[in-house]
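Trainee: Contents of input_25.txt (compact mmCIF, C-alpha atoms) are below:
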```
# COMPACT_ATOMS: atom_id res chain seq x y z
CA MET A 1 -20.68 -3.17 -94.77
CA THR A 2 -16.96 -3.23 -94.33
CA ALA A 3 -14.89 -5.96 -92.80
CA SER A 4 -13.72 -5.64 -89.25
CA ASN A 5 -10.17 -4.35 -88.82
CA GLU A 6 -9.29 -5.24 -85.28
CA LYS A 7 -6.16 -4.12 -83.47
CA GLY A 8 -5.76 -5.02 -79.82
CA PRO A 9 -8.82 -3.83 -77.91
CA TYR A 10 -9.85 -1.44 -80.71
CA ARG A 11 -11.73 -2.06 -83.92
CA GLN A 12 -13.21 -0.28 -86.90
CA ALA A 13 -16.96 0.20 -87.27
CA GLN A 14 -18.67 -2.59 -89.26
CA PHE A 15 -21.60 -0.63 -90.63
CA ASP A 16 -22.12 2.78 -92.19
CA PRO A 17 -25.54 4.07 -91.10
CA LEU A 18 -25.34 6.91 -93.63
CA ALA A 19 -24.27 4.81 -96.63
CA GLU A 20 -27.46 5.44 -98.61
CA LEU A 21 -27.30 9.18 -97.94
CA ARG A 22 -23.70 9.85 -98.95
CA ARG A 23 -23.01 12.02 -102.01
CA SER A 24 -19.81 13.15 -103.71
CA ASP A 25 -20.20 16.74 -102.47
CA ASP A 26 -20.77 15.80 -98.81
CA PRO A 27 -18.68 17.41 -96.06
CA PRO A 28 -15.58 15.34 -95.28
CA TRP A 29 -16.79 14.62 -91.74
CA ASP A 30 -20.08 13.47 -90.29
CA VAL A 31 -19.42 14.92 -86.84
CA TYR A 32 -16.99 17.46 -85.43
CA LEU A 33 -16.34 18.04 -81.74
CA THR A 34 -13.80 19.67 -79.49
CA GLY A 35 -12.93 19.54 -75.81
CA THR A 36 -10.47 18.15 -73.29
CA VAL A 37 -9.09 14.62 -73.50
CA PHE A 38 -8.35 12.98 -70.15
CA LEU A 39 -6.57 9.77 -69.38
CA ASP A 40 -9.20 7.79 -67.45
CA ILE A 41 -8.13 5.18 -64.90
CA ILE A 42 -11.13 3.20 -63.68
CA PHE A 43 -11.42 0.93 -60.65
CA THR A 44 -14.38 -1.45 -60.46
CA GLY A 45 -15.49 -4.24 -58.18
CA LEU A 46 -15.37 -2.08 -55.08
CA ASP A 47 -17.79 -3.19 -52.39
CA SER A 48 -18.23 0.34 -51.10
CA ALA A 49 -16.78 3.81 -51.27
CA PRO A 50 -13.18 4.13 -50.04
CA VAL A 51 -12.96 4.90 -46.33
CA ARG A 52 -10.49 7.46 -45.04
CA GLY A 53 -7.43 5.92 -43.44
CA THR A 54 -7.92 2.50 -45.07
CA GLU A 55 -6.78 0.74 -48.23
CA SER A 56 -9.37 -0.58 -50.68
CA TRP A 57 -8.68 -3.24 -53.27
CA ALA A 58 -10.61 -3.21 -56.56
CA ARG A 59 -11.38 -6.43 -58.40
CA GLY A 60 -11.13 -4.73 -61.78
CA MET A 61 -9.15 -1.91 -63.38
CA GLY A 62 -9.03 -0.29 -66.79
CA SER A 63 -7.52 2.69 -68.56
CA SER A 64 -8.70 4.53 -71.66
CA PRO A 65 -8.96 7.99 -73.22
CA GLY A 66 -11.71 9.96 -71.47
CA GLY A 67 -13.32 13.38 -71.44
CA VAL A 68 -14.38 14.39 -74.95
CA ALA A 69 -12.81 11.13 -76.18
CA ASN A 70 -15.83 9.29 -74.76
CA MET A 71 -18.13 11.05 -77.22
CA ALA A 72 -15.69 10.87 -80.14
CA THR A 73 -15.19 7.14 -79.70
CA ALA A 74 -18.91 6.46 -79.34
CA LEU A 75 -19.59 8.31 -82.61
CA ALA A 76 -16.80 6.53 -84.47
CA ARG A 77 -17.90 3.12 -83.16
CA LEU A 78 -21.33 3.74 -84.70
CA GLY A 79 -19.78 4.31 -88.12
CA LEU A 80 -19.71 8.11 -88.29
CA LYS A 81 -16.69 9.89 -89.75
CA THR A 82 -15.54 11.80 -86.70
CA SER A 83 -13.14 14.74 -86.39
CA LEU A 84 -11.82 15.85 -82.99
CA ALA A 85 -9.96 19.05 -82.06
CA ALA A 86 -8.17 18.71 -78.72
CA ALA A 87 -4.87 19.42 -77.00
CA PHE A 88 -2.73 16.40 -76.10
CA GLY A 89 0.15 16.38 -73.65
CA ASP A 90 3.57 15.35 -74.93
CA ASP A 91 3.90 12.78 -72.15
CA HIS A 92 3.27 9.03 -72.42
CA TYR A 93 -0.35 9.49 -71.42
CA GLY A 94 -0.90 11.91 -74.30
CA GLU A 95 0.82 9.61 -76.76
CA TYR A 96 -1.31 6.70 -75.60
CA CYS A 97 -4.55 8.67 -75.96
CA TRP A 98 -3.59 10.01 -79.40
CA ASP A 99 -2.72 6.53 -80.65
CA ALA A 100 -5.84 4.96 -79.17
CA LEU A 101 -8.08 7.49 -80.89
CA GLU A 102 -6.31 7.90 -84.25
CA GLN A 103 -4.99 4.42 -84.89
CA GLY A 104 -7.45 2.42 -82.83
CA GLU A 105 -10.71 4.24 -83.51
CA HIS A 106 -9.89 5.95 -86.85
CA ILE A 107 -10.82 9.38 -85.48
CA ASP A 108 -9.44 12.33 -87.44
CA LEU A 109 -7.06 14.38 -85.29
CA SER A 110 -5.82 16.81 -87.96
CA ALA A 111 -7.42 19.67 -85.99
CA SER A 112 -5.74 18.51 -82.76
CA ARG A 113 -2.27 19.39 -81.50
CA THR A 114 0.40 18.25 -79.10
CA ALA A 115 1.22 20.84 -76.44
CA PRO A 116 4.94 20.68 -75.49
CA GLY A 117 5.59 20.58 -71.75
CA TRP A 118 1.92 20.18 -70.87
CA HIS A 119 0.96 17.05 -68.96
CA SER A 120 -2.20 15.18 -69.76
CA PRO A 121 -5.23 15.66 -67.50
CA VAL A 122 -6.04 12.52 -65.52
CA THR A 123 -9.23 11.24 -63.94
CA VAL A 124 -9.41 8.32 -61.52
CA SER A 125 -12.91 6.87 -61.39
CA MET A 126 -14.15 4.42 -58.76
CA ALA A 127 -17.32 2.53 -59.69
CA TYR A 128 -19.47 0.87 -57.05
CA GLU A 129 -23.17 0.27 -56.42
CA GLY A 130 -24.00 1.43 -59.94
CA GLU A 131 -22.52 4.89 -59.32
CA ARG A 132 -19.09 6.41 -59.61
CA THR A 133 -16.81 8.76 -57.70
CA MET A 134 -14.12 10.64 -59.62
CA VAL A 135 -10.95 12.51 -58.77
CA SER A 136 -9.36 14.60 -61.53
CA HIS A 137 -6.18 16.58 -61.96
CA GLY A 138 -5.08 18.85 -64.79
CA HIS A 139 -4.13 22.35 -65.90
CA GLU A 140 -5.35 24.58 -68.70
CA PRO A 141 -3.41 23.87 -71.92
CA PRO A 142 -1.12 26.56 -73.35
CA PRO A 143 -2.99 29.55 -74.79
CA GLU A 144 -3.17 28.33 -78.41
CA GLU A 145 -6.75 27.22 -78.85
CA PRO A 146 -7.20 23.59 -79.89
CA ALA A 147 -10.51 24.48 -81.56
CA PRO A 148 -10.14 26.81 -84.55
CA ASP A 149 -12.67 29.61 -84.97
CA CYS A 150 -13.50 28.01 -88.32
CA SER A 151 -14.26 24.35 -87.72
CA PRO A 152 -13.94 21.79 -90.54
CA ARG A 153 -17.01 21.12 -92.69
CA ALA A 154 -19.21 18.48 -91.10
CA ARG A 155 -22.80 17.32 -91.23
CA ALA A 156 -23.11 17.80 -87.48
CA ALA A 157 -21.20 18.94 -84.43
CA VAL A 158 -21.57 18.14 -80.76
CA ALA A 159 -21.05 21.12 -78.45
CA SER A 160 -20.84 21.15 -74.68
CA LEU A 161 -22.26 24.51 -73.60
CA THR A 162 -20.71 26.35 -70.67
CA PRO A 163 -22.89 28.84 -68.74
CA GLY A 164 -21.79 32.42 -69.26
CA THR A 165 -19.46 31.74 -72.19
CA SER A 166 -19.69 31.52 -75.96
CA ALA A 167 -17.63 29.40 -78.35
CA HIS A 168 -17.08 31.30 -81.61
CA TRP A 169 -16.84 28.19 -83.75
CA ILE A 170 -20.45 27.18 -83.01
CA ALA A 171 -22.05 30.16 -84.78
CA GLY A 172 -19.72 29.79 -87.76
CA ALA A 173 -20.41 26.08 -88.08
CA ALA A 174 -24.16 26.62 -87.91
CA GLU A 175 -23.98 29.31 -90.61
CA ARG A 176 -22.22 26.80 -92.90
CA GLY A 177 -25.03 24.30 -92.44
CA THR A 178 -23.60 22.12 -89.68
CA ARG A 179 -26.32 20.78 -87.39
CA ILE A 180 -25.37 21.50 -83.77
CA PHE A 181 -26.32 19.10 -80.98
CA ALA A 182 -25.65 20.51 -77.51
CA ASP A 183 -25.44 19.21 -74.00
CA VAL A 184 -24.57 21.15 -70.87
CA GLY A 185 -22.81 20.64 -67.57
CA TRP A 186 -23.91 21.58 -64.09
CA ASP A 187 -24.25 25.35 -63.60
CA ASP A 188 -21.85 26.06 -60.75
CA THR A 189 -23.01 29.69 -60.69
CA GLY A 190 -26.46 28.58 -59.54
CA ARG A 191 -28.16 31.01 -61.93
CA TRP A 192 -29.65 28.43 -64.29
CA ASP A 193 -30.44 31.14 -66.80
CA LEU A 194 -30.96 30.12 -70.44
CA ALA A 195 -29.79 33.59 -71.45
CA GLY A 196 -26.41 32.48 -70.10
CA LEU A 197 -26.23 29.89 -72.89
CA PRO A 198 -25.91 32.26 -75.87
CA ASP A 199 -24.87 29.51 -78.28
CA LEU A 200 -28.14 27.66 -77.75
CA ARG A 201 -29.75 29.80 -80.46
CA HIS A 202 -27.42 28.20 -83.03
CA CYS A 203 -28.33 24.65 -82.00
CA GLU A 204 -30.74 22.21 -83.57
CA ALA A 205 -31.05 20.01 -80.50
CA PHE A 206 -30.44 20.37 -76.76
CA LEU A 207 -30.00 17.25 -74.62
CA PRO A 208 -29.94 18.03 -70.87
CA ASN A 209 -30.84 15.62 -68.09
CA ALA A 210 -34.07 16.00 -66.16
CA GLU A 211 -32.60 18.02 -63.29
CA GLU A 212 -30.84 20.43 -65.62
CA ALA A 213 -33.93 20.87 -67.79
CA MET A 214 -36.18 21.66 -64.82
CA ARG A 215 -33.71 24.10 -63.29
CA TYR A 216 -33.25 25.98 -66.56
CA THR A 217 -36.99 26.25 -67.25
CA GLY A 218 -38.48 26.34 -63.74
CA ALA A 219 -40.85 23.55 -64.80
CA SER A 220 -42.15 21.13 -62.18
CA CYS A 221 -41.58 17.98 -64.26
CA PRO A 222 -39.10 16.94 -66.97
CA ARG A 223 -41.71 16.61 -69.71
CA ALA A 224 -42.99 20.13 -69.15
CA ALA A 225 -39.39 21.29 -69.14
CA ALA A 226 -38.81 19.69 -72.54
CA HIS A 227 -41.77 21.58 -74.01
CA ALA A 228 -40.53 24.83 -72.45
CA LEU A 229 -37.07 24.34 -73.94
CA THR A 230 -38.49 24.24 -77.47
CA GLU A 231 -39.07 27.98 -77.14
CA HIS A 232 -35.27 28.27 -77.37
CA VAL A 233 -34.21 25.32 -79.56
CA PRO A 234 -36.10 23.31 -82.21
CA LEU A 235 -35.59 19.89 -80.61
CA ALA A 236 -35.40 19.19 -76.87
CA VAL A 237 -34.39 15.77 -75.54
CA VAL A 238 -34.53 15.25 -71.78
CA THR A 239 -32.99 12.13 -70.28
CA LEU A 240 -34.99 10.69 -67.39
CA GLY A 241 -32.50 8.28 -65.85
CA ALA A 242 -34.10 4.91 -65.13
CA GLU A 243 -37.32 6.11 -66.79
CA GLY A 244 -35.74 6.57 -70.23
CA ALA A 245 -35.98 9.77 -72.26
CA TYR A 246 -38.57 12.23 -73.57
CA ALA A 247 -38.28 14.44 -76.65
CA VAL A 248 -40.24 17.25 -78.28
CA ASP A 249 -39.71 18.49 -81.85
CA ARG A 250 -41.10 22.01 -82.25
CA ARG A 251 -40.87 21.89 -86.03
CA THR A 252 -43.20 18.90 -86.43
CA GLY A 253 -45.10 19.03 -83.15
CA GLU A 254 -44.01 15.46 -82.53
CA THR A 255 -43.29 14.07 -79.06
CA ALA A 256 -41.78 10.72 -78.13
CA GLU A 257 -41.00 8.84 -74.94
CA VAL A 258 -39.06 5.59 -74.68
CA PRO A 259 -38.48 3.69 -71.43
CA ALA A 260 -34.99 2.73 -70.36
CA ILE A 261 -33.66 -0.81 -70.74
CA GLU A 262 -33.09 -2.41 -67.34
CA VAL A 263 -29.49 -3.55 -66.99
CA GLU A 264 -27.05 -4.29 -64.21
CA ALA A 265 -24.68 -1.33 -64.41
CA MET A 266 -20.99 -1.95 -63.86
CA ASP A 267 -19.74 1.57 -64.61
CA PRO A 268 -21.89 4.51 -65.78
CA THR A 269 -18.87 6.54 -66.93
CA GLY A 270 -19.56 8.02 -70.37
CA ALA A 271 -23.15 6.74 -70.65
CA GLY A 272 -24.47 10.24 -71.30
CA ASP A 273 -21.95 10.71 -74.12
CA VAL A 274 -22.95 7.39 -75.67
CA PHE A 275 -26.62 8.41 -75.49
CA VAL A 276 -25.89 11.63 -77.39
CA ALA A 277 -23.83 9.73 -79.97
CA GLY A 278 -26.67 7.29 -80.55
CA PHE A 279 -29.17 10.11 -80.95
CA VAL A 280 -26.94 12.01 -83.37
CA THR A 281 -26.46 8.84 -85.43
CA GLY A 282 -30.19 8.23 -85.72
CA THR A 283 -30.87 11.87 -86.54
CA LEU A 284 -28.31 12.02 -89.35
CA ALA A 285 -29.69 8.74 -90.70
CA GLY A 286 -33.19 10.25 -90.80
CA TRP A 287 -34.88 7.87 -88.37
CA PRO A 288 -38.19 8.68 -86.65
CA LEU A 289 -37.88 10.47 -83.31
CA ALA A 290 -38.97 7.49 -81.20
CA ASP A 291 -36.44 5.21 -82.95
CA ARG A 292 -33.68 7.72 -82.27
CA LEU A 293 -34.56 7.78 -78.56
CA ALA A 294 -34.71 3.99 -78.40
CA PHE A 295 -31.35 3.60 -80.13
CA ALA A 296 -29.69 6.20 -77.93
CA GLY A 297 -31.01 4.52 -74.80
CA LEU A 298 -29.91 1.09 -76.02
CA THR A 299 -26.35 2.16 -76.76
CA ALA A 300 -26.10 3.85 -73.36
CA ALA A 301 -27.46 0.73 -71.63
CA LEU A 302 -24.92 -1.49 -73.35
CA SER A 303 -22.09 0.85 -72.39
CA VAL A 304 -22.71 0.73 -68.64
CA GLN A 305 -22.27 -3.04 -68.59
CA GLU A 306 -18.56 -2.60 -69.29
CA PHE A 307 -16.15 -0.35 -67.44
CA GLY A 308 -14.39 2.62 -68.94
CA GLY A 309 -15.91 5.60 -70.71
CA SER A 310 -14.62 5.36 -74.28
CA LEU A 311 -13.75 1.68 -74.56
CA SER A 312 -17.17 0.59 -73.30
CA ALA A 313 -18.96 2.37 -76.16
CA PRO A 314 -20.74 -0.28 -78.24
CA GLY A 315 -20.33 -0.80 -81.97
CA TRP A 316 -22.68 -2.51 -84.38
CA SER A 317 -21.33 -5.96 -83.54
CA GLU A 318 -22.29 -5.55 -79.89
CA ILE A 319 -25.69 -4.16 -80.83
CA ALA A 320 -26.30 -7.14 -83.14
CA ALA A 321 -25.24 -9.57 -80.41
CA TRP A 322 -27.66 -7.94 -77.96
CA TRP A 323 -30.54 -8.10 -80.45
CA ARG A 324 -30.02 -11.79 -81.13
CA ARG A 325 -29.64 -12.53 -77.45
CA VAL A 326 -32.84 -10.81 -76.31
CA GLN A 327 -34.83 -12.54 -79.04
CA SER A 328 -33.73 -15.90 -77.65
CA TYR A 329 -35.27 -15.26 -74.24
CA THR A 330 -38.53 -17.03 -73.53
CA HIS A 331 -41.55 -15.07 -72.30
CA GLN A 332 -40.20 -11.92 -73.92
CA ASP A 333 -42.71 -9.07 -74.06
CA PRO A 334 -43.58 -8.78 -77.79
CA ALA A 335 -44.33 -5.05 -77.49
CA ALA A 336 -41.00 -4.33 -75.79
CA LEU A 337 -39.16 -6.42 -78.37
CA GLY A 338 -40.98 -4.73 -81.22
CA ARG A 339 -39.72 -1.33 -80.10
CA TYR A 340 -36.29 -2.32 -81.46
CA ALA A 341 -37.40 -4.23 -84.57
CA PHE A 342 -36.28 -1.28 -86.73
CA LEU A 343 -32.70 -2.42 -86.08
CA GLU A 344 -33.12 -5.77 -87.85
CA PRO A 345 -32.20 -4.66 -91.40
CA LEU A 346 -29.27 -2.59 -90.13
CA LEU A 347 -27.35 -5.19 -88.15
CA PRO A 348 -24.47 -7.34 -89.38
CA GLU A 349 -25.33 -10.97 -89.96
CA SER A 350 -22.56 -12.23 -87.71
CA ALA A 351 -21.94 -10.97 -84.20
CA ARG A 352 -19.23 -11.87 -81.75
CA ALA A 353 -19.82 -12.77 -78.14
CA TRP A 354 -21.22 -9.94 -76.04
CA PRO A 355 -20.00 -8.25 -73.89
CA LEU A 356 -17.00 -7.99 -76.19
CA ARG A 357 -14.26 -5.96 -74.60
CA ARG A 358 -12.91 -4.37 -71.46
CA ALA A 359 -10.60 -1.42 -71.02
CA VAL A 360 -6.97 -2.49 -70.87
CA PRO A 361 -5.63 -2.59 -67.30
CA THR A 362 -2.39 -0.78 -68.03
CA ILE A 363 -0.61 1.52 -70.46
CA GLY A 364 2.41 0.53 -72.47
CA PHE A 365 1.63 -2.82 -74.10
CA ARG A 366 2.67 -2.82 -77.71
CA ARG A 367 -0.01 -3.96 -80.10
CA SER A 368 1.00 -6.68 -82.50
CA ALA A 369 0.87 -5.89 -86.19
```
Could you take the file, read its structure, and then write that structure out as structure tokens?
Mentor:
Amino acid sequence: MTASNEKGPYRQAQFDPLAELRRSDDPPWDVYLTGTVFLDIIFTGLDSAPVRGTESWARGMGSSPGGVANMATALARLGLKTSLAAAFGDDHYGEYCWDALEQGEHIDLSASRTAPGWHSPVTVSMAYEGERTMVSHGHEPPPEEPAPDCSPRARAAVASLTPGTSAHWIAGAAERGTRIFADVGWDDTGRWDLAGLPDLRHCEAFLPNAEEAMRYTGASCPRAAAHALTEHVPLAVVTLGAEGAYAVDRRTGETAEVPAIEVEAMDPTGAGDVFVAGFVTGTLAGWPLADRLAFAGLTAALSVQEFGGSLSAPGWSEIAAWWRRVQSYTHQDPAALGRYAFLEPLLPESARAWPLRRAVPTIGFRRSA
């Protein structure tokens, strides 16, 4: 374990889940990813959705890097050496996001670039009743691609597949031994054709939600959809919302299902990214499939109890605080508690109060040295 290095609302990971696996000839990065970084501005504490022609006051507000930064931060918080390729605007928003990720979260941005004259994409998110409504604005960055065709060497990469398109770096990374974990967005074309996801054949794992999985496979239930997806990818993980997640590994024939942890959600922004980060962490660490699902679900559950996408991602200190807290409850279901007993030898001995942190309410405060 390494000591905490805290700066403002950011901090370094306290535990390296891959410590026993590291060798001198390892790739320099555990995980590589690329995508668009947004500045997220989040309003919480709204009693209802805004009504046209009225003014609504939120009881809480935060700002943080969003978009692909949600995933990058979640991975880094869990102790993985993370490299991100993205375009950043040369405005104050871009500077803030760059600093928050590089200096605050120790994410490698050597494959990223600043695009002169390009303003940062912005998303305003309003969280209420456990859901969120978002309004975004942005333009395509200048034509230079932020993601090189040849990505840096990494144990794994997280790819967001886009229907009808192919990202050249995915095939190259897979050929060099990088394990590709893929998610997918909503298919606006309405085709829901797996042939329209050509990069899926290079992936080790595919992690859609239940609706996406059923639409892509034509299956009548998410579990059947997961089995159908293994005809196209070795490992299918289907998230089931409040029911948890279900996974099928074609290579071993193993299946696993883990129920969700019931929590009072403040802001679900970024929870899906945190789930993927937790699953990738467990996979690279070599954990059993059911433990990986449980850990991914736990990290996602912890994240929704804070607002903000990236800054709500839990680290090992928050996970340790949760574990000690749930053990202190009387009348705890021993079977439910035992599902997470595998975490005991991994967690730091000391844990700070949980929940730990909230997204900062404004941009521009200077952090003290």
Trainee: Applying 9 Å and only C-alpha atoms, which residues near Gly241 in chain A remain after dropping the ones on its own chain fewer than 6 positions away? List them as a list in words.
Mentor: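 My reading of the contact set: Asn209, Ala210 and Ala260 of chain A.
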Trainee: Go through A:Leu194, A:Leu235, A:Val184, A:Leu311 one by one, measure the shortest atom-to-atom distance of each to Ile41 in chain A using all atoms listed in the file, and give the residue with the smallest value.
Mentor: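 Under the stated criterion, the closest residue is A:Leu311.
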Trainee: Go through A:Ala320, A:Leu343, A:Val31, A:Ala74 one by one, measure the shortest atom-to-atom distance of each to Ala271 in chain A using all atoms listed in the file, and give the residue with the smallest value.
Mentor: A:Ala74
Trainee: From the options A:Val274, A:Leu84, A:Val68, A:Met126, which residue's atoms come nearest to Asp47 in chain A, counting all atoms listed in the file?
Mentor: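 Between A:Val274, A:Leu84, A:Val68, A:Met126, the residue approaching Asp47 in chain A most closely is A:Met126.
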Trainee: Between CA of Pro234 in chain A and CA of Thr283 in chain A, what is the distance, to one decimal in Å?
Mentor: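 Between CA of Pro234 in chain A and CA of Thr283 in chain A the gap works out to 13.3 Å.
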Trainee: Neighbours of Val122 in chain A within 8 Å (all atoms listed in the file; same-chain residues fewer than 5 positions away dropped), as an MDAnalysis selection string?
Mentor: chainID A and resid 38:41 136:138
Trainee: Quick one: distance from CA of Ser303 in chain A to CA of Thr73 in chain A in Å, one decimal?
Mentor: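 Taking CA of Ser303 in chain A as the start and CA of Thr73 in chain A as the end point, the length is 11.9 Å.
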Trainee: Please indicate the distance in Å from CA of Arg113 in chain A to CA of His168 in chain A, rounded to one decimal place.
Mentor: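 Between CA of Arg113 in chain A and CA of His168 in chain A the gap works out to 19.0 Å.
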Trainee: I want to know what sits within 9 Å of Leu240 in chain A, based on only C-alpha atoms, with residues of the same chain fewer than 2 positions away left out; could you give that as a ChimeraX atom specification?
Mentor: /A:209-211,222,238,242-246,259-260
Trainee: Nearest to Gly45 in chain A among A:Asp91, A:Asp333, A:Glu212, A:Glu306, with distances taken over only C-alpha atoms: which residue is it?
Mentor: A:Glu306
Trainee: Which residue, A:Ser317, A:Thr217, A:Gln332, A:Thr34, has the smallest gap to Trp169 in chain A when you use all atoms listed in the file?
Mentor: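 Looking only at the distances to Trp169 in chain A, the closest residue turns out to be A:Thr34.
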Trainee: Show me, as an MDAnalysis selection string, the residues that have an atom within 12 Å of Asp188 in chain A when counting all atoms listed in the file, minus same-chain residues fewer than 4 positions from it.
Mentor: chainID A and resid 162:164 184 192:193 212
Trainee: Determine, counting all atoms listed in the file, every residue of protein, DNA or RNA that lies within 12 Å of (-6.3, 12.2, -90.5) in the file coordinates, then give the result as a list in words.
Mentor: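 So the residues meeting the distance criterion are Pro28, Trp29, Lys81, Thr82, Ser83, Leu84, Ala85, Trp98, Asp99, Leu101, Glu102, Gln103, Glu105, His106, Ile107, Asp108, Leu109, Ser110, Ala111 and Ser112 of chain A.
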Trainee: My list of candidates is A:Ser220, A:Tyr32, A:Leu46, A:Val248. Which is closest to Arg132 in chain A when distances are computed with only C-alpha atoms?
Mentor: A:Leu46
